[in-house]
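**Student:** data.cif is reproduced below (mmCIF, C-alpha atoms).
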```cif
data_upload
loop_
_atom_site.label_atom_id
_atom_site.label_comp_id
_atom_site.auth_asym_id
_atom_site.auth_seq_id
_atom_site.Cartn_x
_atom_site.Cartn_y
_atom_site.Cartn_z
CA MET E 1 68.08 58.65 144.33
CA SER E 2 65.67 61.39 143.28
CA ASN E 3 68.59 63.73 143.79
CA ILE E 4 70.60 61.96 141.08
CA LEU E 5 67.57 61.82 138.80
CA ASN E 6 67.13 65.56 139.21
CA GLU E 7 70.79 66.18 138.42
CA ILE E 8 70.56 63.98 135.33
CA LYS E 9 67.48 65.83 134.13
CA THR E 10 69.14 69.22 134.59
CA LEU E 11 72.35 68.08 132.90
CA ILE E 12 70.51 66.69 129.88
CA TRP E 13 68.54 69.91 129.63
CA LYS E 14 71.82 71.84 129.80
CA GLU E 15 73.28 69.74 126.96
CA VAL E 16 70.21 70.36 124.82
CA THR E 17 70.26 74.12 125.38
CA LEU E 18 73.97 74.24 124.72
CA GLU E 19 73.51 72.31 121.49
CA TRP E 20 70.65 74.56 120.47
CA ARG E 21 72.66 77.68 121.16
CA GLN E 22 75.58 76.58 119.00
CA LYS E 23 73.70 74.98 116.16
CA TYR E 24 76.78 74.56 114.01
CA ALA E 25 77.83 71.36 115.81
CA LEU E 26 74.64 69.43 115.15
CA SER E 27 74.09 70.81 111.67
CA GLY E 28 77.73 70.03 110.93
CA MET E 29 77.13 66.40 111.87
CA LEU E 30 73.98 66.22 109.77
CA LEU E 31 75.89 67.63 106.83
CA TYR E 32 78.66 65.11 107.49
CA VAL E 33 76.17 62.21 107.18
CA VAL E 34 74.62 63.67 104.05
CA SER E 35 77.90 64.28 102.28
CA THR E 36 79.32 60.86 103.19
CA VAL E 37 76.21 59.13 101.91
CA PHE E 38 76.34 61.21 98.79
CA VAL E 39 80.00 60.38 98.16
CA CYS E 40 79.16 56.69 98.52
CA TYR E 41 76.21 57.10 96.18
CA LEU E 42 78.34 58.79 93.52
CA SER E 43 81.10 56.20 93.88
CA PHE E 44 78.64 53.38 93.32
CA ASN E 45 76.75 55.28 90.66
CA LEU E 46 78.38 53.50 87.74
CA ARG E 47 77.70 50.06 89.12
CA ARG E 48 74.32 50.36 90.71
CA ASN E 49 73.48 46.73 90.01
CA GLN E 50 76.45 45.53 92.04
CA LEU E 51 75.05 47.04 95.21
CA THR E 52 73.98 43.74 96.77
CA PRO E 53 72.19 43.74 100.15
CA ILE E 54 75.46 42.79 101.88
CA VAL E 55 77.31 45.77 100.43
CA TRP E 56 74.32 48.04 101.14
CA ASN E 57 74.24 46.91 104.74
CA THR E 58 77.97 47.09 105.43
CA LEU E 59 78.30 50.50 103.82
CA PHE E 60 75.44 51.87 105.90
CA TRP E 61 76.94 50.70 109.19
CA ILE E 62 80.41 51.91 108.36
CA ILE E 63 79.02 55.36 107.56
CA LEU E 64 77.17 55.31 110.89
CA LEU E 65 80.29 54.17 112.76
CA PHE E 66 82.36 57.07 111.47
CA THR E 67 79.53 59.50 112.13
CA ALA E 68 79.26 58.23 115.69
CA VAL E 69 82.98 58.56 116.35
CA ASN E 70 83.01 62.10 115.01
CA ALA E 71 79.84 63.17 116.77
CA ILE E 72 80.74 61.84 120.20
CA ALA E 73 84.43 62.72 120.16
CA LYS E 74 83.53 66.30 120.94
CA SER E 75 81.29 65.50 123.90
CA PHE E 76 84.07 66.10 126.41
CA SER E 77 86.64 68.10 124.51
CA GLN E 78 84.23 70.87 123.58
CA GLU E 79 83.82 72.05 127.17
CA ARG E 80 86.40 74.30 128.69
CA HIS E 81 88.52 73.25 131.61
CA GLY E 82 87.01 75.77 134.02
CA ARG E 83 83.50 74.64 133.29
CA LEU E 84 84.41 71.01 133.90
CA LEU E 85 85.78 72.05 137.28
CA TYR E 86 82.48 73.77 137.97
CA TYR E 87 80.49 70.60 137.26
CA TYR E 88 82.93 68.68 139.39
CA ASN E 89 81.91 70.74 142.37
CA LEU E 90 78.21 70.67 141.63
CA CYS E 91 77.18 67.14 140.72
CA SER E 92 78.06 63.50 141.18
CA PRO E 93 80.11 61.85 138.40
CA GLN E 94 77.43 59.18 137.91
CA ALA E 95 74.91 61.85 137.03
CA ILE E 96 77.32 63.34 134.51
CA ILE E 97 78.13 60.09 132.71
CA ILE E 98 74.50 58.93 132.67
CA SER E 99 73.32 62.25 131.30
CA LYS E 100 76.06 62.23 128.66
CA ILE E 101 75.18 58.67 127.62
CA ILE E 102 71.47 59.48 127.39
CA TYR E 103 72.12 62.67 125.49
CA ASN E 104 74.58 61.02 123.09
CA SER E 105 72.17 58.14 122.49
CA PHE E 106 69.55 60.70 121.61
CA ILE E 107 71.93 62.45 119.21
CA MET E 108 72.91 59.10 117.68
CA LEU E 109 69.25 58.15 117.22
CA LEU E 110 68.63 61.43 115.48
CA LEU E 111 71.70 61.11 113.26
CA SER E 112 71.15 57.47 112.36
CA GLY E 113 67.44 58.00 111.71
CA PHE E 114 68.22 60.92 109.46
CA GLY E 115 71.10 59.01 107.85
CA PHE E 116 68.87 56.01 107.21
CA VAL E 117 66.17 58.11 105.55
CA PHE E 118 68.67 59.85 103.30
CA TYR E 119 70.53 56.61 102.59
CA THR E 120 67.40 54.81 101.43
CA PHE E 121 66.46 57.91 99.44
CA VAL E 122 69.59 57.80 97.27
CA MET E 123 70.72 54.18 97.49
CA GLY E 124 67.35 52.49 97.30
CA ASN E 125 65.59 50.59 100.08
CA ALA E 126 66.75 47.00 100.53
CA VAL E 127 65.05 46.41 103.89
CA GLN E 128 62.26 43.86 103.97
CA ASP E 129 61.51 43.84 107.70
CA MET E 130 61.38 47.48 108.72
CA GLY E 131 60.43 46.85 112.36
CA LEU E 132 63.46 44.68 113.03
CA PHE E 133 65.75 47.13 111.26
CA ILE E 134 64.50 49.99 113.43
CA ILE E 135 65.10 47.91 116.58
CA CYS E 136 68.59 47.26 115.25
CA ILE E 137 69.23 50.98 114.71
CA VAL E 138 68.00 51.81 118.23
CA LEU E 139 70.18 49.14 119.88
CA ALA E 140 73.21 50.17 117.84
CA ALA E 141 72.70 53.87 118.58
CA ILE E 142 72.55 53.24 122.33
CA GLY E 143 75.51 50.86 122.21
CA PHE E 144 77.72 53.12 120.10
CA ALA E 145 76.84 56.10 122.27
CA SER E 146 77.68 54.37 125.54
CA VAL E 147 80.99 52.87 124.36
CA LEU E 148 82.12 56.05 122.67
CA THR E 149 81.15 58.31 125.57
CA LEU E 150 83.54 56.57 127.94
CA VAL E 151 86.27 56.37 125.29
CA ALA E 152 85.80 60.07 124.51
CA GLY E 153 86.21 60.77 128.22
CA ILE E 154 89.48 58.79 128.20
CA ALA E 155 90.76 60.32 124.96
CA SER E 156 89.93 63.89 125.96
CA LYS E 157 92.47 63.63 128.80
CA ALA E 158 95.31 62.96 126.35
CA ASP E 159 96.92 65.36 123.92
CA ASN E 160 96.42 63.71 120.52
CA SER E 161 92.81 62.91 121.26
CA ALA E 162 91.57 62.59 117.67
CA THR E 163 93.88 59.67 116.78
CA LEU E 164 93.48 58.13 120.18
CA MET E 165 89.70 58.21 119.89
CA ALA E 166 89.77 56.12 116.70
CA VAL E 167 92.47 53.72 117.89
CA LEU E 168 90.85 53.08 121.26
CA SER E 169 87.27 52.81 120.09
CA PHE E 170 87.41 50.77 116.88
CA PRO E 171 88.57 47.45 118.34
CA ILE E 172 86.26 47.82 121.33
CA ILE E 173 83.25 48.64 119.21
CA LEU E 174 83.92 45.82 116.75
CA PRO E 175 81.94 43.01 118.43
CA MET E 176 78.97 45.34 118.69
CA LEU E 177 79.33 46.35 115.04
CA LEU E 178 79.53 42.73 113.87
CA MET E 179 76.45 41.75 115.86
CA THR E 180 74.57 44.75 114.48
CA ILE E 181 75.54 43.90 110.92
CA LYS E 182 74.36 40.34 111.42
CA LEU E 183 71.07 41.45 112.95
CA SER E 184 70.40 44.00 110.24
CA LYS E 185 71.25 41.40 107.59
CA ASN E 186 68.43 39.28 109.03
CA ALA E 187 66.16 42.32 108.78
CA LEU E 188 67.23 42.90 105.18
CA ASP E 189 66.41 39.32 104.24
CA GLY E 190 63.09 39.52 106.05
CA LEU E 191 63.84 36.44 108.16
CA ASP E 192 61.52 35.41 110.97
CA TRP E 193 62.12 37.24 114.27
CA SER E 194 62.82 34.00 116.12
CA VAL E 195 66.06 33.70 114.11
CA SER E 196 67.35 36.99 115.46
CA THR E 197 66.56 36.65 119.18
CA ASP E 198 70.12 35.47 119.82
CA GLU E 199 71.60 38.59 118.26
CA ILE E 200 69.14 40.90 120.03
CA THR E 201 69.93 39.44 123.45
CA THR E 202 73.68 39.55 122.79
CA LEU E 203 73.47 43.19 121.71
CA LEU E 204 71.35 44.06 124.74
CA SER E 205 73.77 42.34 127.09
CA ILE E 206 76.80 44.05 125.53
CA ASP E 207 74.98 47.39 125.91
CA LEU E 208 74.23 46.62 129.55
CA ILE E 209 77.81 45.55 130.35
CA VAL E 210 79.22 48.66 128.72
CA ILE E 211 76.81 51.03 130.48
CA THR E 212 77.41 49.52 133.92
CA LEU E 213 81.17 49.64 133.39
CA SER E 214 80.97 53.27 132.29
CA ILE E 215 79.02 54.18 135.42
CA LEU E 216 81.46 52.29 137.64
CA LEU E 217 84.65 53.55 136.01
CA PHE E 218 83.80 57.15 135.18
CA PRO E 219 84.22 58.52 138.74
CA TYR E 220 87.92 57.56 138.62
CA LEU E 221 88.37 59.21 135.25
CA TRP E 222 86.57 62.29 136.40
CA ARG E 223 88.79 62.83 139.41
CA SER E 224 91.91 63.45 137.36
CA MET H 1 118.90 36.15 145.73
CA ARG H 2 115.49 36.25 147.29
CA LYS H 3 112.75 33.92 146.16
CA ILE H 4 114.73 32.31 143.39
CA TRP H 5 112.96 28.96 143.63
CA TRP H 6 110.10 29.84 141.30
CA LYS H 7 112.47 30.92 138.58
CA ILE H 8 114.25 27.59 138.78
CA LEU H 9 110.87 25.87 138.79
CA CYS H 10 109.91 27.85 135.70
CA ILE H 11 113.05 26.80 133.80
CA VAL H 12 112.61 23.17 134.83
CA ILE H 13 108.95 23.12 133.79
CA ILE H 14 109.62 24.76 130.45
CA PHE H 15 112.40 22.29 129.65
CA TYR H 16 110.10 19.47 130.70
CA VAL H 17 107.37 20.82 128.43
CA ILE H 18 109.70 21.19 125.46
CA VAL H 19 111.21 17.72 125.84
CA MET H 20 107.96 15.92 126.66
CA GLY H 21 106.05 18.01 124.15
CA ILE H 22 108.26 16.89 121.33
CA MET H 23 109.10 13.35 122.43
CA GLY H 24 106.26 12.25 124.71
CA PRO H 25 103.48 9.85 123.72
CA VAL H 26 100.35 11.41 122.24
CA PRO H 27 97.05 9.95 121.03
CA HIS H 28 96.77 9.47 117.28
CA LEU H 29 93.84 11.28 115.74
CA ALA H 30 92.75 11.77 112.15
CA ILE H 31 93.89 14.98 110.40
CA ILE H 32 95.50 16.40 113.54
CA ASN H 33 98.03 13.55 113.76
CA GLU H 34 101.23 14.57 115.50
CA SER H 35 100.34 18.25 115.37
CA ILE H 36 98.31 17.70 118.54
CA ARG H 37 101.60 18.43 120.29
CA ASN H 38 100.90 22.06 119.52
CA THR H 39 98.30 21.94 122.32
CA TYR H 40 101.18 22.30 124.76
CA PHE H 41 102.27 25.50 123.09
CA HIS H 42 99.33 27.19 121.38
CA VAL H 43 96.47 26.42 123.78
CA ALA H 44 98.63 26.75 126.88
CA LEU H 45 100.00 30.09 125.70
CA TRP H 46 96.51 31.49 125.19
CA LEU H 47 95.35 30.30 128.59
CA ALA H 48 98.44 31.79 130.23
CA MET H 49 97.82 35.05 128.38
CA THR H 50 94.22 35.25 129.57
CA LEU H 51 95.28 34.63 133.15
CA LEU H 52 98.01 37.29 132.90
CA LEU H 53 95.52 39.80 131.50
CA PHE H 54 93.11 38.95 134.29
CA THR H 55 95.81 39.59 136.90
CA SER H 56 96.67 42.82 135.13
CA MET H 57 93.03 43.90 135.43
CA VAL H 58 93.00 42.99 139.12
CA PHE H 59 96.04 45.21 139.69
CA SER H 60 94.36 48.03 137.76
CA ILE H 61 91.35 47.76 140.07
CA ARG H 62 93.70 47.78 143.05
CA TYR H 63 95.39 50.89 141.72
CA LEU H 64 92.06 52.70 141.36
CA ASN H 65 91.12 51.75 144.91
CA LYS H 66 94.40 52.44 146.67
CA GLY H 67 96.27 54.83 144.38
CA ASN H 68 99.64 53.11 144.75
CA ILE H 69 101.71 53.71 141.58
CA ASN H 70 103.42 50.30 141.95
CA ASP H 71 100.14 48.54 141.26
CA ASP H 72 99.89 50.34 137.94
CA ASP H 73 103.47 49.38 137.03
CA ILE H 74 102.60 45.75 137.71
CA ALA H 75 99.39 45.98 135.68
CA SER H 76 101.09 47.50 132.65
CA GLU H 77 104.03 45.10 132.62
CA LEU H 78 101.76 42.08 133.03
CA ALA H 79 99.74 43.34 130.08
CA LYS H 80 102.93 43.68 128.06
CA SER H 81 104.07 40.13 128.71
CA ALA H 82 100.53 38.98 127.95
CA ILE H 83 100.71 40.71 124.57
CA PHE H 84 104.02 38.95 123.94
CA PHE H 85 102.34 35.61 124.67
CA GLY H 86 99.40 36.60 122.52
CA ILE H 87 101.65 37.19 119.53
CA LEU H 88 103.45 33.89 120.15
CA GLY H 89 100.05 32.18 120.47
CA CYS H 90 99.00 33.64 117.13
CA LEU H 91 102.19 32.42 115.45
CA THR H 92 101.98 28.87 116.84
CA GLY H 93 98.28 28.78 116.00
CA SER H 94 99.02 29.84 112.47
CA VAL H 95 101.57 27.06 112.04
CA TRP H 96 99.01 24.60 113.33
CA ALA H 97 96.27 25.98 111.10
CA ASN H 98 98.56 25.71 108.09
CA TYR H 99 98.89 21.94 108.51
CA THR H 100 95.42 20.98 109.71
CA TRP H 101 93.08 23.50 108.07
CA GLY H 102 95.30 24.17 105.05
CA ASP H 103 95.63 27.91 105.49
CA PRO H 104 97.82 29.94 107.86
CA TRP H 105 95.02 32.45 108.47
CA PRO H 106 91.62 30.91 107.74
CA ASN H 107 88.73 33.35 107.99
CA ASP H 108 87.61 32.19 111.40
CA PRO H 109 85.78 34.30 114.01
CA LYS H 110 88.11 33.23 116.78
CA LEU H 111 91.22 34.21 114.83
CA ASN H 112 89.78 37.58 113.93
CA GLY H 113 88.70 38.03 117.54
CA ALA H 114 92.24 37.27 118.65
CA ALA H 115 93.62 39.87 116.26
CA VAL H 116 91.14 42.44 117.56
CA GLY H 117 92.04 41.52 121.13
CA ILE H 118 95.71 42.18 120.45
CA LEU H 119 94.76 45.50 118.78
CA ILE H 120 92.85 46.49 121.93
CA TYR H 121 95.90 45.93 124.09
CA LEU H 122 98.25 47.64 121.62
CA ALA H 123 95.88 50.61 121.89
CA TYR H 124 96.33 50.35 125.66
CA LEU H 125 100.09 50.73 125.21
CA LEU H 126 99.55 53.70 122.88
CA LEU H 127 97.28 55.30 125.46
CA ARG H 128 99.94 54.85 128.13
CA SER H 129 102.61 56.45 125.99
CA SER H 130 100.53 59.55 125.29
CA PHE H 131 100.65 60.95 128.83
CA GLU H 132 103.45 62.79 130.55
CA ASP H 133 102.12 62.93 134.07
CA GLU H 134 102.52 59.61 135.89
CA GLN H 135 99.51 59.62 138.17
CA ARG H 136 97.23 60.77 135.39
CA LYS H 137 98.62 58.15 133.01
CA ALA H 138 98.17 55.47 135.63
CA ARG H 139 94.59 56.37 136.46
CA ILE H 140 93.33 56.75 132.90
CA SER H 141 95.04 53.68 131.53
CA SER H 142 93.76 51.64 134.49
CA VAL H 143 90.23 52.66 133.57
CA TYR H 144 90.87 51.61 129.98
CA ASN H 145 92.49 48.34 131.07
CA ILE H 146 89.43 47.26 133.04
CA PHE H 147 87.15 48.25 130.19
CA ALA H 148 89.37 46.43 127.68
CA PHE H 149 89.35 43.17 129.63
CA ALA H 150 85.57 43.27 129.88
CA VAL H 151 85.37 43.53 126.08
CA PHE H 152 88.24 41.10 125.45
CA ILE H 153 86.53 38.11 127.09
CA PRO H 154 83.38 38.23 124.94
CA ILE H 155 85.47 38.71 121.78
CA ILE H 156 87.65 35.67 122.42
CA TYR H 157 85.48 33.26 124.38
CA ILE H 158 81.82 34.10 123.90
CA LEU H 159 81.16 35.51 120.42
CA PRO H 160 83.02 32.72 118.50
CA ARG H 161 80.87 30.14 120.26
CA LEU H 162 77.73 31.75 118.88
CA THR H 163 78.91 31.49 115.30
CA ASP H 164 80.52 28.74 113.27
CA SER H 165 84.18 28.43 114.01
CA LEU H 166 86.85 25.94 113.10
CA HIS H 167 88.08 25.91 116.68
CA PRO H 168 86.91 23.22 119.07
CA GLY H 169 84.09 24.22 121.38
CA SER H 170 82.22 26.39 118.93
CA GLY H 171 79.61 26.07 116.25
CA GLY H 172 78.61 22.55 117.27
CA ASN H 173 82.16 21.21 117.64
CA SER H 174 82.72 19.73 121.04
CA THR H 175 85.41 21.11 123.32
CA PHE H 176 88.86 19.62 123.48
CA GLY H 177 88.67 18.11 126.91
CA SER H 178 85.64 16.00 126.23
CA TYR H 179 87.00 13.26 124.03
CA ASP H 180 90.63 13.41 123.00
CA PHE H 181 92.40 14.63 126.10
CA ASP H 182 94.03 11.53 127.50
CA ASN H 183 96.24 11.46 130.56
CA ASN H 184 99.47 11.68 128.57
CA ILE H 185 98.45 15.08 127.31
CA ARG H 186 97.25 16.24 130.71
CA LYS H 187 100.65 15.38 132.22
CA VAL H 188 102.31 17.94 129.97
CA PHE H 189 99.48 20.39 129.36
CA TYR H 190 98.83 21.52 132.93
CA PRO H 191 102.53 21.99 133.78
CA ALA H 192 102.86 23.92 130.51
CA ILE H 193 100.26 26.46 131.61
CA ILE H 194 101.99 26.91 134.98
CA GLY H 195 105.38 27.19 133.28
CA TYR H 196 104.21 29.89 130.88
CA ILE H 197 102.53 31.85 133.66
CA LEU H 198 105.74 31.75 135.69
CA LEU H 199 107.72 32.85 132.62
CA GLY H 200 105.31 35.73 132.07
CA LEU H 201 105.57 36.80 135.69
CA TRP H 202 109.35 36.63 135.45
CA LEU H 203 109.39 38.82 132.32
CA ALA H 204 107.05 41.29 134.00
CA GLU H 205 109.05 41.27 137.23
CA LEU H 206 112.30 42.14 135.45
CA ARG H 207 110.69 45.06 133.66
CA ILE H 208 109.00 46.29 136.83
CA ARG H 209 112.36 46.31 138.59
CA ILE H 210 113.96 48.26 135.74
CA LYS H 211 111.09 50.74 135.92
CA ARG H 212 111.46 51.23 139.66
CA ILE H 213 115.20 51.71 139.40
CA ASN H 214 114.72 54.28 136.66
CA ARG H 215 112.13 56.12 138.73
CA ILE H 216 114.47 56.29 141.72
CA ARG H 217 117.30 57.48 139.46
CA GLU H 218 115.14 60.21 137.95
CA GLU H 219 114.07 61.39 141.37
CA ALA H 220 117.72 61.44 142.46
CA ILE H 221 118.63 63.55 139.41
CA ILE H 222 115.79 65.99 140.12
CA THR H 223 116.78 66.40 143.76
CA ALA H 224 120.43 66.80 142.72
CA ASP H 225 119.38 69.57 140.31
CA LYS H 226 117.53 71.37 143.06
CA VAL H 227 120.54 71.29 145.33
#
```
Using structure tokens, write down the structure from this file.
**Tutor:**
Amino acid sequence: MSNILNEIKTLIWKEVTLEWRQKYALSGMLLYVVSTVFVCYLSFNLRRNQLTPIVWNTLFWIILLFTAVNAIAKSFSQERHGRLLYYYNLCSPQAIIISKIIYNSFIMLLLSGFGFVFYTFVMGNAVQDMGLFIICIVLAAIGFASVLTLVAGIASKADNSATLMAVLSFPIILPMLLMTIKLSKNALDGLDWSVSTDEITTLLSIDLIVITLSILLFPYLWRS
Amino acid sequence: MRKIWWKILCIVIIFYVIVMGIMGPVPHLAIINESIRNTYFHVALWLAMTLLLFTSMVFSIRYLNKGNINDDDIASELAKSAIFFGILGCLTGSVWANYTWGDPWPNDPKLNGAAVGILIYLAYLLLRSSFEDEQRKARISSVYNIFAFAVFIPIIYILPRLTDSLHPGSGGNSTFGSYDFDNNIRKVFYPAIIGYILLGLWLAELRIRIKRINRIREEAIITADKV
């Protein structure tokens, strides 16, 4: 057990150093969020008063969804074939998938936190219950990261991985996205927390199902 | 001519369902009226589809455990016939919705879930078609198939129950079985499910046989080339 934990720690550390060494990937994603938000801001510029909370909310989550797909798509394809073979010999597949999920969740938290700050900066803040909204962002970041990590693993094995990534992940991520939008709508309206417990537990259970499935299924994917 | 009895059974059941479904006695309910006969087609098709998808997932798990390519063939063909049933289920449901709810595609969570579910499985077919190597295709699409089924069930059966839906069994509506399922309906409904499952298996079996024959032919051509 401590063996796997050690492997996970080393692998996460490796991901962080790798990211730090080639800064263009992360800064590219940050720039992606900023420019998408800015495009949305300019498009709505003429009709600022029509930006109701529902539109605000939906727009924010759609921006995050596309950011997530783009950010995580590279998590397997960026590494060269020889290096993957090297990991294959060194560590257990569970350690690899867990470390990737943790690392991607971390990246997603960073991106969505940054995106949220910039989004409220230009589009105005419509959130009344900030605590609930932050919980919502955290749950969504972990959920998106875990679904997309496995799908990225699947898509990276195929040739046209960019199309495949979108086609495979959008329908699967949809229930999660809908739950998140509902939960964050409650946060926007400043409803009492007892109203949202249903959504929080559903999101948590979807996250759990997806993570367990990824851990169970990844070894088979890894072998090929 | 081996094991032909279940095909005959399938034809007999489906004829029975069609005849009894259109002519048999049904309870008279407000709004639904005679359209309750659609239960034999719409509801039974969806149940048969779910069972076929479940079997497909079981064969995917078997493939991952044992590595026999035949299991993957079975899984993929079962999924294909399930998609066929899913599309039929959508069409019959939309006819039903048109006459009882007044709109062929009301904005209902269960309907949208069904559409997403079909998208997931169409993506499965796309994933299958994007590999050349057979073993690799089989392994990766099996992984996706298991994952897809685990997401499919919440989309269709769990999430709509949490929100308001026009369908029975969700948003405070009671389920079908509880009050208006009399014995006349049961006599046709349960055979209908069995009949559709047999039909789905038959469709899948034919395609699996074609696939196997093609594989043997290709291997024969390759060995002939080598000689």
**Student:** Just need the residues of chain H within 7 Å of chain E, counting only C-alpha atoms, so spit them out as a VMD selection string.
**Tutor:** chain H and resid 64 116 119 to 120 123 130 to 131 136 139 to 140 143 147 151 155
**Student:** Could you tell me, as a JSON list (two decimals) with C-alpha atoms, in the coordinates of the input, exactly which residues end up selected when the PyMOL selection byres ((chain E and resi 190) around 12) is applied to this structure?
**Tutor:**
```json
[["chain", "number", "residue", "atom", "x", "y", "z"],
["E", 53, "PRO", "CA", 72.19, 43.74, 100.15],
["E", 126, "ALA", "CA", 66.75, 47.00, 100.53],
["E", 127, "VAL", "CA", 65.05, 46.41, 103.89],
["E", 128, "GLN", "CA", 62.26, 43.86, 103.97],
["E", 129, "ASP", "CA", 61.51, 43.84, 107.70],
["E", 130, "MET", "CA", 61.38, 47.48, 108.72],
["E", 131, "GLY", "CA", 60.43, 46.85, 112.36],
["E", 132, "LEU", "CA", 63.46, 44.68, 113.03],
["E", 133, "PHE", "CA", 65.75, 47.13, 111.26],
["E", 183, "LEU", "CA", 71.07, 41.45, 112.95],
["E", 184, "SER", "CA", 70.40, 44.00, 110.24],
["E", 185, "LYS", "CA", 71.25, 41.40, 107.59],
["E", 186, "ASN", "CA", 68.43, 39.28, 109.03],
["E", 187, "ALA", "CA", 66.16, 42.32, 108.78],
["E", 188, "LEU", "CA", 67.23, 42.90, 105.18],
["E", 189, "ASP", "CA", 66.41, 39.32, 104.24],
["E", 191, "LEU", "CA", 63.84, 36.44, 108.16],
["E", 192, "ASP", "CA", 61.52, 35.41, 110.97],
["E", 193, "TRP", "CA", 62.12, 37.24, 114.27],
["E", 194, "SER", "CA", 62.82, 34.00, 116.12],
["E", 195, "VAL", "CA", 66.06, 33.70, 114.11],
["E", 196, "SER", "CA", 67.35, 36.99, 115.46]]
```
**Student:** What gap, in Å, lies between atom CA of Ile156 of chain H and atom CA of Ile18 of chain H?
**Tutor:** 26.6 Å
**Student:** Distance cut-off 12 Å, centre (70.2, 69.3, 125.0) in file coordinates, counting all atoms listed in the file: which residues qualify? Return them as a ChimeraX atom specification.
**Tutor:** /E:8-23,26,75,99-100,102-107
**Student:** Evaluate the PyMOL selection byres ((chain E and resi 52) around 12) on the structure here and hand back the selected residues as a VMD selection string.
**Tutor:** chain E and resid 44 47 to 51 53 to 59 123 to 127 185 188 to 189
**Student:** Using only C-alpha atoms, can you list as a list of chain:residue names the residues within 12 Å of (83.1, 60.3, 110.3)?
**Tutor:**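 Result, sorted by chain then residue number: E:Gly28, E:Met29, E:Leu30, E:Leu31, E:Tyr32, E:Val33, E:Val34, E:Ser35, E:Thr36, E:Val37, E:Trp61, E:Ile62, E:Ile63, E:Leu64, E:Leu65, E:Phe66, E:Thr67, E:Ala68, E:Val69, E:Asn70, E:Ala71, E:Ile72, E:Ala73, E:Leu111, E:Ala162, E:Met165, E:Ala166.
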**Student:** Distance atom CA of Ile193 of chain H-atom CA of Leu88 of chain H, one decimal place?
**Tutor:** 14.0 Å
**Student:** Which residues, written as a ChimeraX atom specification, have at least one atom at most 10 Å from Ile61 of chain H, with all atoms listed in the file counted and residues fewer than 3 positions away on the same chain left out?
**Tutor:** /E:217 /H:55-58,64-67,71-72,75,139,142-143,145-146
**Student:** Apply the PyMOL selection byres ((chain H and resi 82) around 10) to the file shown and report the selected residues as an mmCIF file with C-alpha atoms, in the frame of the given file.
**Tutor:**
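result20.cif was written with the following content:
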```
data_model
loop_
_atom_site.group_PDB
_atom_site.id
_atom_site.type_symbol
_atom_site.label_atom_id
_atom_site.label_comp_id
_atom_site.auth_asym_id
_atom_site.auth_seq_id
_atom_site.Cartn_x
_atom_site.Cartn_y
_atom_site.Cartn_z
ATOM 1 C CA LEU H 45 100.000 30.090 125.700
ATOM 2 C CA TRP H 46 96.510 31.490 125.190
ATOM 3 C CA ALA H 48 98.440 31.790 130.230
ATOM 4 C CA MET H 49 97.820 35.050 128.380
ATOM 5 C CA THR H 50 94.220 35.250 129.570
ATOM 6 C CA LEU H 51 95.280 34.630 133.150
ATOM 7 C CA LEU H 52 98.010 37.290 132.900
ATOM 8 C CA LEU H 53 95.520 39.800 131.500
ATOM 9 C CA PHE H 54 93.110 38.950 134.290
ATOM 10 C CA SER H 56 96.670 42.820 135.130
ATOM 11 C CA SER H 76 101.090 47.500 132.650
ATOM 12 C CA GLU H 77 104.030 45.100 132.620
ATOM 13 C CA LEU H 78 101.760 42.080 133.030
ATOM 14 C CA ALA H 79 99.740 43.340 130.080
ATOM 15 C CA LYS H 80 102.930 43.680 128.060
ATOM 16 C CA SER H 81 104.070 40.130 128.710
ATOM 17 C CA ILE H 83 100.710 40.710 124.570
ATOM 18 C CA PHE H 84 104.020 38.950 123.940
ATOM 19 C CA PHE H 85 102.340 35.610 124.670
ATOM 20 C CA GLY H 86 99.400 36.600 122.520
ATOM 21 C CA ILE H 87 101.650 37.190 119.530
ATOM 22 C CA LEU H 88 103.450 33.890 120.150
ATOM 23 C CA ILE H 118 95.710 42.180 120.450
ATOM 24 C CA TYR H 121 95.900 45.930 124.090
ATOM 25 C CA ILE H 197 102.530 31.850 133.660
ATOM 26 C CA GLY H 200 105.310 35.730 132.070
ATOM 27 C CA LEU H 201 105.570 36.800 135.690
ATOM 28 C CA LEU H 203 109.390 38.820 132.320
ATOM 29 C CA ALA H 204 107.050 41.290 134.000
#
```
**Student:** Could you tell me how far atom CA of Leu125 of chain H sits from atom CA of Glu219 of chain H, in Å to one decimal place?
**Tutor:**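 So the answer is 23.9 Å.
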**Student:** Between E:Glu7, E:Met108, E:Tyr87, E:Ile98, which one has atoms that come closest to Ile211 of chain E, using only C-alpha atoms?
**Tutor:**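 Once distances to Ile211 of chain E are computed over only C-alpha atoms, the minimum belongs to E:Ile98.
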**Student:** Tell me which protein, DNA and RNA residues are within 9 Å of Ile194 of chain H, counting all atoms listed in the file, leaving out same-chain ones fewer than 4 positions away, and put them as an mmCIF file with C-alpha atoms, keeping the file's coordinate frame.
**Tutor:**
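So result-v8.cif came out as:
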```
data_model
loop_
_atom_site.group_PDB
_atom_site.id
_atom_site.type_symbol
_atom_site.label_atom_id
_atom_site.label_comp_id
_atom_site.auth_asym_id
_atom_site.auth_seq_id
_atom_site.Cartn_x
_atom_site.Cartn_y
_atom_site.Cartn_z
ATOM 1 C CA CYS H 10 109.910 27.850 135.700
ATOM 2 C CA ILE H 13 108.950 23.120 133.790
ATOM 3 C CA ALA H 44 98.630 26.750 126.880
ATOM 4 C CA ALA H 48 98.440 31.790 130.230
ATOM 5 C CA PHE H 189 99.480 20.390 129.360
ATOM 6 C CA TYR H 190 98.830 21.520 132.930
ATOM 7 C CA LEU H 198 105.740 31.750 135.690
ATOM 8 C CA LEU H 199 107.720 32.850 132.620
#
```
